[in-house]
Amino acid sequence: MPENRRDAALLEEIRERYRYASDMWREAREERATDLRYICGDPWEEADRRARQDAGRPCINHDELGQYVNACVNNLRQNPRAIQIEPAGGGASEKTAALRQGLIRSIEYRSQAQSVYLTAFQNMVEGSYGFARISRRYVSDDSFDQEIVIRNIPNPDAVLFDPDCKEADWSDAQYCFVLDPLAKDEFLRRFPQAQVRDFSAEDLRVAKDWLSDRTVLVAEYWKIETTSGRLYQWADGTVSSSLREGETPVRVRMVERKRLVQYVTNGIEILETTEQPGRLIPIVPFIGLQRYVMEGGTPKRKLFSLVRLARDPQMSLAYLCSQQMEEAGLSPKVPYVGYKGQFESDAEAWETATKIPHAYLQADPIVDAATGQILPLPRREPFTPNFAAYEIAKDSCRRAIQAAMGISPLPTAAQRNNEKSGVALERIQTQQEIGSFHFVDAFDRALAYAGRVIESWIPVVYDTEREIALHQPDESRRLITINTPEPYLDPRTNAPAHYPVAATADHDVTVATGPSYQSQREAAAEFLDLLVSKLGMLPIPPPAQAKLLALAIQMRNLGPKGDEMAEIISPPEPQAMPPAAQAQLNQAHQMIQQLTGALNQLAGRLEAKLPELAMKERIALINAKAGILEAALKAKSQEAMLAFEKDIEQIDRILSLMPDPGAESEAAPATRASAPPAAQPPPVQQ
């Protein structure tokens with residue numbers, strides 16, 4: 001038994017809450033087991049099945065539930081949901097929200113979260129409840145960095161959630177159990193640090209729900225621990241949880257502070273204790289339709305699956321199908337009945353009459369000894385099972401199943417008129433889906449719950465400097481470095497690339513719905529094809545038409561040849577000049593302007609002194625030309641190269657008008673031409 005009083009009190013609380021939660025969840029678990037029996041095609045109770053089989057009566061079932069369950073689940077599979085992050089204050093911004101959005105996409109991608117979500121949703125649709133969990137793991141065996149992961153809980157009965165929570169998404173739960181029964185050998189292997197290794201008779205009595213002769217029930221016990229304290233507001237508007245010496249607070253109020261703790265226990269010993277981030281239990285509940293009914297004078301919550309109210313009509317259908325087959329089995333296997341001796345004249349033909357066509361059959365005439373009359377010929381026994389009545393009754397059961405599952409059993413006007421337009425088919429599909437939309441709405445609530453848990457864990461788990469991959473909406477990836485000590489520029493783009501994961505930023509969590517990126521791309525490609533076919537009728541200028549046609553080719557994913565065709569139709573835009581090259585080009589323009597102005601001033605000076613006075617300017621022009629050539633090597637755009645060529649031509653023209661100080665003194669001085677006007681620099685691409 002535990003050594004300290006705190007563990008003893010905690011274990012008593014755990015055992016008591018486990019018994020209470022098990023009792024409260026017993027009915028829901030039994031109903032779920034019955035739901036799954038129906039979905040798996042076996043609605044018969046064991047006693048009824050045995051009685052019918054012992055009597056040699058058929059016991060069959062025609063499944064009508066699976067198609068509607070699959071339609072509900074596959075509709076969500078075709079339109080996956082995504083967690084959406086929005087800034088909500090506390091230093092949050094569009095940039096921090098985009099960072100966390102990309103992080104969550106990466107977490108979902110690495111966890112294969114869509115399959116986890118769909119498993120929980122299918123459990124909810126089929127059995128009224130399902131669960132998933134948010135957890136942590138190390139990035140690799142050689143690292144201390146952790147990452148968030150979304151894990152599957154395939155068996156919903158392994159979870160005992162707080163049965164007294166009131167919120168629609170169960171976010172106010174105070175505790176939760178995740179159960180894992182282990183064989184005793186496996187328990188000792190996984191928990192070698194356990195102090196209690198041999199369970200006594202007293203242990204079995206105290207924790208009878210946890211221990212047996214062969215197994216040990218190990219449970220994660222998630223608990224929200226609450227402490228009370230005071231919150232103070234000061235004259236400067238700041239708020240703190242502690243008093244300041246020499247100051248009187250303006251306002252004081254009592255607050256409850258929560259922390260999340262995970263205990264691992266076997267009912268008689270605390271095996272592990274871990275404080276976890278956030279204030280929400282990271283076991284995500286996917287709960288179906290919830291209704292409160294009065295039982296014993298008190299309200300009681302009941303959970304409903306999609307098939308719960310369709311079980312009775314499905315059972316009726318099973319009885320009708322079995323009765324129909326039983327009646328079909330009553331059909332006589334001997335088609336002809338006659339008097340003894342009538343079949344002897346052509347016995348072989350009579351024996352094969354039901355297998356081989358014969359031109360005729362002979363029967364021996366038999367005289368009735370009492371009346372002297374010849375007995376009638378053998379007759380065929382007519383028997384027609386009442387299948388038509390059974391089919392009408394079975395159709396009634398099918399309509400009752402549809403009505404119980406929220407599917408309109410009557411054909412719509414579009415179906416009666418055999419309309420096949422896209423709008424008509426979409427309306428038919430919408431009418432079929434709206435009856436089960438409350439399960440999709442419950443799924444969205446659960447996904448938002450998971451998003452809030454992940455958002456609260458991100459600042460704690462991703463708190464070190466590391467390189468991570470962010471997933472973009474178009475399914476591409478981008479590598480960034482988070483939590484760098486100082487802001488820095490991305491060497492590839494020269495753009496600010498500082499990504500701090502701030503713990504103080506507040507974000508709202510919503511759920512985005514809609515088609516996947518691939519579906520959006522296909523829809524966009526179809527629309528572009530339609531637009532291209534109508535280009536001649538639309539007032540679109542030719543350059544824009546070429547771009548649209550090139551885009552339509554690219555959307556078809558035709559490979560390198562398709563990219564080449566798109567480039568021929570609409571050549572790519574010149575790339576933007578790098579910032580360093582822009583700065584050098586602007587500096588060269590300013591120098592040219594200054595030197596041109598200086599030459600205009602030198603024009604009036606004496607020609608004999610001109611070589612001396614122009615020496616500095618000539619050297620400066622040569623240096624400017626060298627700087628422009630260096631910038632030209634770094635530039636990659638056609639527009640920048642054109643600007644460089646114009647600048648170099650301008651410098652060469654100025655140098656040609658200046659006397660060369662190195663020329664021989666006896667050489668005749670060149671005729672001084674007037675300096676050209678100041679050159680205006682071409683516009684620089686920003």
# chains A, B, ... in the order shown; residues from 1 in each chain; ligands from 1

call {"tool": "closest_atom_pairs", "arguments": {"of": "range 205-318 of chain A", "to": "range 114-118 of chain A", "cutoff": "12 Å", "atoms": "only C-alpha atoms", "output": "CSV"}}
result
residue,atom,partner,partner_atom,distance
A:Val284,CA,A:Tyr117,CA,10.0
A:Pro285,CA,A:Tyr117,CA,10.8
A:Phe286,CA,A:Tyr117,CA,9.1

call {"tool": "write_last_selection", "arguments": {"atoms": "C-alpha atoms", "output": "PDB file, in the first residue's frame"}}
result
ATOM      1  CA  VAL A 284     -10.739  14.667 -27.277  1.00  0.00           C
ATOM      2  CA  PRO A 285     -14.378  13.486 -26.993  1.00  0.00           C
ATOM      3  CA  PHE A 286     -16.424  12.955 -30.175  1.00  0.00           C
TER       4      PHE A 286
END

call {"tool": "select_by_dssp", "arguments": {"residues": "range 68-285 of chain A", "states": "helix (DSSP H, G or I)", "output": "number ranges by chain"}}
result
A: 68-78, 94-111, 113-127, 156-158, 184-190, 201-206

call {"tool": "residues_around", "arguments": {"residues": "Arg251 in chain A", "least_positions_apart": "3", "cutoff": "8 Å", "atoms": "only C-alpha atoms", "output": "ChimeraX atom specification"}}
result
/A:232-234

call {"tool": "write_last_selection", "arguments": {"atoms": "C-alpha atoms", "output": "PDB file, in the first residue's frame"}}
result
ATOM      1  CA  TYR A 232      -5.005  42.361  -7.830  1.00  0.00           C
ATOM      2  CA  GLN A 233      -5.394  45.361 -10.118  1.00  0.00           C
ATOM      3  CA  TRP A 234      -3.141  48.372  -9.466  1.00  0.00           C
TER       4      TRP A 234
END

call {"tool": "residues_around", "arguments": {"residues": "range 465-477 of chain A", "least_positions_apart": "4", "cutoff": "8 Å", "atoms": "only C-alpha atoms", "output": "mmCIF file with N, CA and C atoms, in the first residue's frame"}}
result
data_model
loop_
_atom_site.group_PDB
_atom_site.id
_atom_site.type_symbol
_atom_site.label_atom_id
_atom_site.label_comp_id
_atom_site.auth_asym_id
_atom_site.auth_seq_id
_atom_site.Cartn_x
_atom_site.Cartn_y
_atom_site.Cartn_z
ATOM 1 N N LEU A 99 1.955 31.297 -38.281
ATOM 2 C CA LEU A 99 2.977 30.361 -37.816
ATOM 3 C C LEU A 99 2.334 29.164 -37.126
ATOM 4 N N GLY A 102 0.507 26.912 -39.593
ATOM 5 C CA GLY A 102 1.415 26.017 -40.297
ATOM 6 C C GLY A 102 1.937 24.902 -39.406
ATOM 7 N N LEU A 103 2.191 25.223 -38.124
ATOM 8 C CA LEU A 103 2.635 24.199 -37.187
ATOM 9 C C LEU A 103 1.577 23.107 -37.018
ATOM 10 N N ARG A 105 -0.760 22.293 -39.130
ATOM 11 C CA ARG A 105 -0.810 21.482 -40.354
ATOM 12 C C ARG A 105 0.309 20.441 -40.341
ATOM 13 N N SER A 106 1.504 20.842 -39.905
ATOM 14 C CA SER A 106 2.622 19.899 -39.851
ATOM 15 C C SER A 106 2.342 18.794 -38.843
ATOM 16 N N THR A 481 13.255 28.481 -39.122
ATOM 17 C CA THR A 481 13.905 28.313 -37.826
ATOM 18 C C THR A 481 13.143 29.134 -36.805
ATOM 19 N N ILE A 482 12.684 28.493 -35.735
ATOM 20 C CA ILE A 482 11.885 29.175 -34.716
ATOM 21 C C ILE A 482 12.752 29.489 -33.508
ATOM 22 N N ASN A 483 12.312 30.523 -32.768
ATOM 23 C CA ASN A 483 12.917 30.894 -31.483
ATOM 24 C C ASN A 483 14.391 31.251 -31.603
ATOM 25 N N THR A 484 14.789 31.966 -32.675
ATOM 26 C CA THR A 484 16.168 32.433 -32.780
ATOM 27 C C THR A 484 16.403 33.552 -31.766
ATOM 28 N N TYR A 517 -7.397 20.577 -51.188
ATOM 29 C CA TYR A 517 -6.665 21.372 -52.168
ATOM 30 C C TYR A 517 -6.752 20.750 -53.554
#

call {"tool": "atom_distance", "arguments": {"atom1": "CA of Ile401 in chain A", "atom2": "CA of Ala310 in chain A"}}
result
4.9 Å

call {"tool": "residues_around", "arguments": {"residues": "range 21-24 of chain A", "least_positions_apart": "2", "cutoff": "12 Å", "atoms": "only C-alpha atoms", "output": "PyMOL selection string"}}
result
chain A and resi 13-19+26-30+157-165+175-179+209+300-303

call {"tool": "residues_around", "arguments": {"residues": "range 342-352 of chain A", "least_positions_apart": "3", "cutoff": "6 Å", "atoms": "only C-alpha atoms", "output": "mmCIF file with C-alpha atoms, in the first residue's frame"}}
result
data_model
loop_
_atom_site.group_PDB
_atom_site.id
_atom_site.type_symbol
_atom_site.label_atom_id
_atom_site.label_comp_id
_atom_site.auth_asym_id
_atom_site.auth_seq_id
_atom_site.Cartn_x
_atom_site.Cartn_y
_atom_site.Cartn_z
ATOM 1 C CA TYR A 339 -52.361 -43.075 -56.967
ATOM 2 C CA LYS A 355 -34.993 -32.159 -65.187
ATOM 3 C CA ILE A 356 -35.477 -33.358 -68.797
ATOM 4 C CA GLN A 362 -47.907 -41.902 -69.537
ATOM 5 C CA ALA A 363 -49.954 -42.896 -66.490
ATOM 6 C CA ASP A 364 -51.554 -46.300 -65.935
#

call {"tool": "residues_around", "arguments": {"residues": "range 183-189 of chain A", "least_positions_apart": "2", "cutoff": "8 Å", "atoms": "only C-alpha atoms", "output": "PyMOL selection string"}}
result
chain A and resi 181+191-192+194+197+214-216

call {"tool": "closest_residue", "arguments": {"among": "A:Gln195, A:Asn586, A:Thr298, A:Ser570", "to": "Ile268 in chain A", "atoms": "only C-alpha atoms"}}
result
A:Gln195
